[in-house]
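Written below as structure tokens is the structure these notes are about.
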Amino acid sequence: MKYFSKTRNHLSLSVMGLLLGGCASTFTPDFSEMSAKYAYSLEQYQTNSIFQNILRSADNRMVSFLDMPTINGSGAIGVSPSVGALFSGGSAPLNAGYNVIQGGLSTVTPSAALTLNNSFTFTQSSLDNAVFWTSYLNELPKETVKYFSHNHIPKEVIMSMVVDEIEIFQPNGKSTVLINNPLRPEHAQFQQYLYKIIGDGFTAQLIDASEKLGPPLTVDKVVPRFGDQAFSMLKDSNIQLKQVGDSKNPLYQPTQVSRKYKFCITSDQYANYLPVKKYGETLYCEDNNEEDLLKTSVAKKRQPTLIVRIRSTNNIFEYLGQVVKAQLADKPYVVTLPPSASTFNNNKGTLNRDALLIVNKDKPTPRPFAMIVGRDGSTYSIPSDDNGYSPLTIKLLSQLMSLQKLPGSIPASPSVLLK
């Protein structure tokens, strides 16, 4: 009887160990899920930060930018086993001795207590420094406009964000300035002209901008002018000697070879947009070179002159603040951008389909795209549905902000450590 009780006790404890081992093996840390949560938190953090600075710009308050350069996460799962047993025929044993067992072990119930630990630490760095602000306040370079001039981004959206004003000079000396500000009465006129130049193929192009360096020279005068190492020096400086004149008495024109971005259109409508030879007569690019402008025909000089001024990233925040202010005014004005000829609008729904940015104030919004509590205590939100181009606008502004993060603009970590 003692031997049977001892054997049954060993078997029961062995089965219990197997059951506990089986329970513990099913609970393993899901690192993919943890990483996804970190990524989502960072995305929402960046979205809300941009949205908050748009609202600050709407109130003419100073903007403030923080960056999260490092995130360190940790996750652990612990299992604490426990046993619940029911004995029949007597009291439970008090020690491991076999002689004290009275009666039989009726049931054994294994269980496990699951402990989850998921935490992360991150650093926040302020972008309040001269390196960041110098780039942030400067006018966007033309190549930045080129970055976003693609078919997957509606041209009217990116142009509305980056174009600050359009100025047209007539040959009689009169000029018209159209400012891209929805709070001004001529905003509709600005949009009308913006769509006109978009229809004319207005964009930024990388074209040949080579410049002549002095007059043409004969071969025997190249060395006296540029030195004994003339030809190697010219090559290292990206200078070419282009032959001009007849072949019997050749002259060589020193030319600084370079390429740069210029605004171009596909139609001949403006005096300061001259044809680019390598594109034939199908591309006309902005040229402010007085020598080239003087060579233009009399007919072309009768055409108006077009000046398109580009914003800085700071002015884009100011503009979107004006967009918010206009639609929250007593007489709401929503900036809408109907599709141009080359645009495919894939926005879902019909309400606010063409709106640049939609912001609600104190309006219940289930699962908003972004939500901020303002200084006045009101709740401002960008809805997830019927929001037009709002997600695209925030995305483009986020990418423009990333271009401002030059070496030295983000302080070395750690800056402010939060847990």
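Residue numbers start at 1 in each chain; chains themselves are named A, B, ... in the order of the structure tokens; ligands are numbered from 1 in the order shown.
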
Contacts of stretch 150-158 of chain A at 9 Å (only C-alpha atoms; same-chain gap of 3+ positions) as a list of chain:residue names: A:Val145, A:Lys146, A:Tyr147, A:Met161, A:Val162, A:Val163, A:Leu194, A:Tyr195, A:Ile198, A:Leu337, A:Pro338, A:Pro339, A:Ser340, A:Ser342, A:Thr343, A:Phe344, A:Asn345, A:Leu356, A:Tyr389, A:Leu392, A:Thr393, A:Leu396

Enumerate, as a ChimeraX atom specification, the complete set of residues in stretch 232-330 of chain A that a backbone-based DSSP assignment places in helix (DSSP H, G or I). /A:232-236,277-279,290-294,298-301,313-327

N, CA and C atoms of the current selection, written as a compact mmCIF listing (two decimals), in the first residue's frame:
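Result went into selection-v2.txt, see below:
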# COMPACT_ATOMS: atom_id res chain seq x y z
N SER A 232 45.14 70.04 -67.25
CA SER A 232 44.75 69.25 -66.08
C SER A 232 43.93 70.08 -65.10
N MET A 233 44.29 71.37 -64.96
CA MET A 233 43.53 72.26 -64.09
C MET A 233 42.11 72.46 -64.61
N LEU A 234 41.98 72.66 -65.92
CA LEU A 234 40.66 72.85 -66.51
C LEU A 234 39.80 71.61 -66.33
N LYS A 235 40.40 70.45 -66.48
CA LYS A 235 39.65 69.21 -66.31
C LYS A 235 39.16 69.05 -64.88
N ASP A 236 40.05 69.33 -63.91
CA ASP A 236 39.68 69.20 -62.50
C ASP A 236 38.61 70.21 -62.11
N LYS A 277 17.68 74.48 -75.95
CA LYS A 277 17.98 73.92 -77.26
C LYS A 277 17.94 72.39 -77.26
N LYS A 278 18.45 71.77 -76.22
CA LYS A 278 18.52 70.31 -76.26
C LYS A 278 17.15 69.66 -76.16
N TYR A 279 16.15 70.43 -75.74
CA TYR A 279 14.77 69.93 -75.72
C TYR A 279 14.00 70.39 -76.96
N GLU A 290 20.64 88.85 -68.47
CA GLU A 290 20.32 90.03 -69.27
C GLU A 290 20.82 89.89 -70.71
N GLU A 291 21.98 89.25 -70.88
CA GLU A 291 22.53 89.10 -72.23
C GLU A 291 21.60 88.25 -73.09
N ASP A 292 21.09 87.17 -72.52
CA ASP A 292 20.18 86.30 -73.28
C ASP A 292 18.84 86.98 -73.53
N LEU A 293 18.38 87.75 -72.54
CA LEU A 293 17.09 88.42 -72.71
C LEU A 293 17.16 89.51 -73.79
N LEU A 294 18.30 90.17 -73.92
CA LEU A 294 18.44 91.21 -74.93
C LEU A 294 18.43 90.64 -76.35
N VAL A 298 11.67 90.83 -80.92
CA VAL A 298 10.78 91.93 -80.53
C VAL A 298 9.42 91.38 -80.12
N ALA A 299 8.96 90.33 -80.83
CA ALA A 299 7.66 89.74 -80.51
C ALA A 299 7.67 89.13 -79.12
N LYS A 300 8.76 88.48 -78.74
CA LYS A 300 8.82 87.85 -77.43
C LYS A 300 8.88 88.88 -76.32
N LYS A 301 9.50 90.04 -76.62
CA LYS A 301 9.57 91.09 -75.61
C LYS A 301 8.20 91.67 -75.31
N THR A 313 9.89 76.32 -45.47
CA THR A 313 9.10 75.37 -44.68
C THR A 313 8.30 76.12 -43.61
N ASN A 314 8.90 77.16 -43.04
CA ASN A 314 8.19 77.97 -42.05
C ASN A 314 6.94 78.60 -42.66
N ASN A 315 7.05 79.11 -43.88
CA ASN A 315 5.89 79.74 -44.52
C ASN A 315 4.81 78.73 -44.89
N ILE A 316 5.19 77.47 -45.09
CA ILE A 316 4.17 76.44 -45.35
C ILE A 316 3.33 76.20 -44.10
N PHE A 317 3.99 76.19 -42.92
CA PHE A 317 3.23 76.10 -41.67
C PHE A 317 2.30 77.30 -41.52
N GLU A 318 2.81 78.50 -41.85
CA GLU A 318 1.99 79.70 -41.76
C GLU A 318 0.79 79.59 -42.70
N TYR A 319 1.02 79.10 -43.90
CA TYR A 319 -0.06 78.97 -44.89
C TYR A 319 -1.12 77.98 -44.41
N LEU A 320 -0.71 76.82 -43.91
CA LEU A 320 -1.69 75.84 -43.43
C LEU A 320 -2.42 76.36 -42.19
N GLY A 321 -1.74 77.19 -41.40
CA GLY A 321 -2.44 77.85 -40.30
C GLY A 321 -3.53 78.78 -40.81
N GLN A 322 -3.26 79.49 -41.91
CA GLN A 322 -4.28 80.34 -42.53
C GLN A 322 -5.44 79.50 -43.09
N VAL A 323 -5.12 78.31 -43.63
CA VAL A 323 -6.16 77.42 -44.14
C VAL A 323 -7.10 77.00 -43.01
N VAL A 324 -6.51 76.67 -41.85
CA VAL A 324 -7.32 76.28 -40.68
C VAL A 324 -8.14 77.46 -40.20
N LYS A 325 -7.52 78.63 -40.12
CA LYS A 325 -8.21 79.82 -39.62
C LYS A 325 -9.38 80.19 -40.52
N ALA A 326 -9.22 80.02 -41.84
CA ALA A 326 -10.28 80.36 -42.78
C ALA A 326 -11.49 79.45 -42.62
N GLN A 327 -11.27 78.15 -42.41
CA GLN A 327 -12.41 77.24 -42.33
C GLN A 327 -13.06 77.22 -40.95

Nearest residue to A:Leu206 out of A:Thr134, A:Leu283, A:Lys174, A:Glu139, using only C-alpha atoms?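 Closest residue, counting only C-alpha atoms: A:Leu283.
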
One decimal, Å: what's the distance from atom CA of A:Met159 over to atom CA of A:Ile265, could you say?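 Value for the atom CA of A:Met159-atom CA of A:Ile265 distance: 14.1 Å.
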
Counting only C-alpha atoms, what is within 6 Å of stretch 266-273 of chain A, bar same-chain residues fewer than 4 positions away, as a list in words?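 Within the cut-off, the hits are Asp200, Gly201, Thr282, Leu283, Tyr284, Cys285, Glu286, Asp287, Lys300, Lys301, Gln303, Pro304 and Thr305 of chain A.
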
Restricting the calculation to only C-alpha atoms: of A:Ser149, A:Phe202, A:Gly374, A:Tyr193, which residue gets closest to A:Arg61?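 Of A:Ser149, A:Phe202, A:Gly374, A:Tyr193, the one nearest A:Arg61 is A:Gly374, counting only C-alpha atoms.
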
Find the spatial neighbours of A:Asp128, counting only C-alpha atoms, within a cut-off of 8 Å - ignore same-chain residues fewer than 4 positions away - and output them as a PyMOL selection string. chain A and resi 64-65+132-133

Export of prior selection with all heavy atoms as a compact mmCIF listing (two decimals), in the first residue's frame:
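Output below, filename part_5.txt:
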# COMPACT_ATOMS: atom_id res chain seq x y z
N SER A 64 7.36 75.09 -32.15
CA SER A 64 8.40 74.39 -31.39
C SER A 64 8.47 72.96 -31.90
O SER A 64 7.44 72.29 -32.04
CB SER A 64 8.07 74.42 -29.89
OG SER A 64 9.03 73.69 -29.16
N PHE A 65 9.69 72.50 -32.16
CA PHE A 65 9.87 71.17 -32.73
C PHE A 65 10.76 70.33 -31.83
O PHE A 65 11.82 70.78 -31.39
CB PHE A 65 10.48 71.26 -34.13
CG PHE A 65 9.62 71.99 -35.11
CD1 PHE A 65 9.87 73.32 -35.41
CD2 PHE A 65 8.55 71.36 -35.73
CE1 PHE A 65 9.08 74.01 -36.31
CE2 PHE A 65 7.75 72.05 -36.63
CZ PHE A 65 8.02 73.36 -36.92
N PHE A 132 19.26 74.22 -37.62
CA PHE A 132 17.90 73.85 -38.06
C PHE A 132 17.14 75.06 -38.58
O PHE A 132 16.54 75.02 -39.66
CB PHE A 132 17.15 73.20 -36.90
CG PHE A 132 15.69 72.98 -37.19
CD1 PHE A 132 15.27 71.90 -37.95
CD2 PHE A 132 14.73 73.87 -36.71
CE1 PHE A 132 13.93 71.70 -38.23
CE2 PHE A 132 13.39 73.67 -36.99
CZ PHE A 132 12.99 72.59 -37.74
N TRP A 133 17.16 76.16 -37.82
CA TRP A 133 16.34 77.30 -38.18
C TRP A 133 16.82 78.00 -39.45
O TRP A 133 16.02 78.57 -40.19
CB TRP A 133 16.29 78.30 -37.02
CG TRP A 133 15.32 77.86 -35.95
CD1 TRP A 133 15.61 77.18 -34.82
CD2 TRP A 133 13.91 78.05 -35.96
NE1 TRP A 133 14.46 76.92 -34.11
CE2 TRP A 133 13.40 77.46 -34.79
CE3 TRP A 133 13.03 78.66 -36.85
CZ2 TRP A 133 12.05 77.46 -34.48
CZ3 TRP A 133 11.68 78.67 -36.53
CH2 TRP A 133 11.21 78.07 -35.37
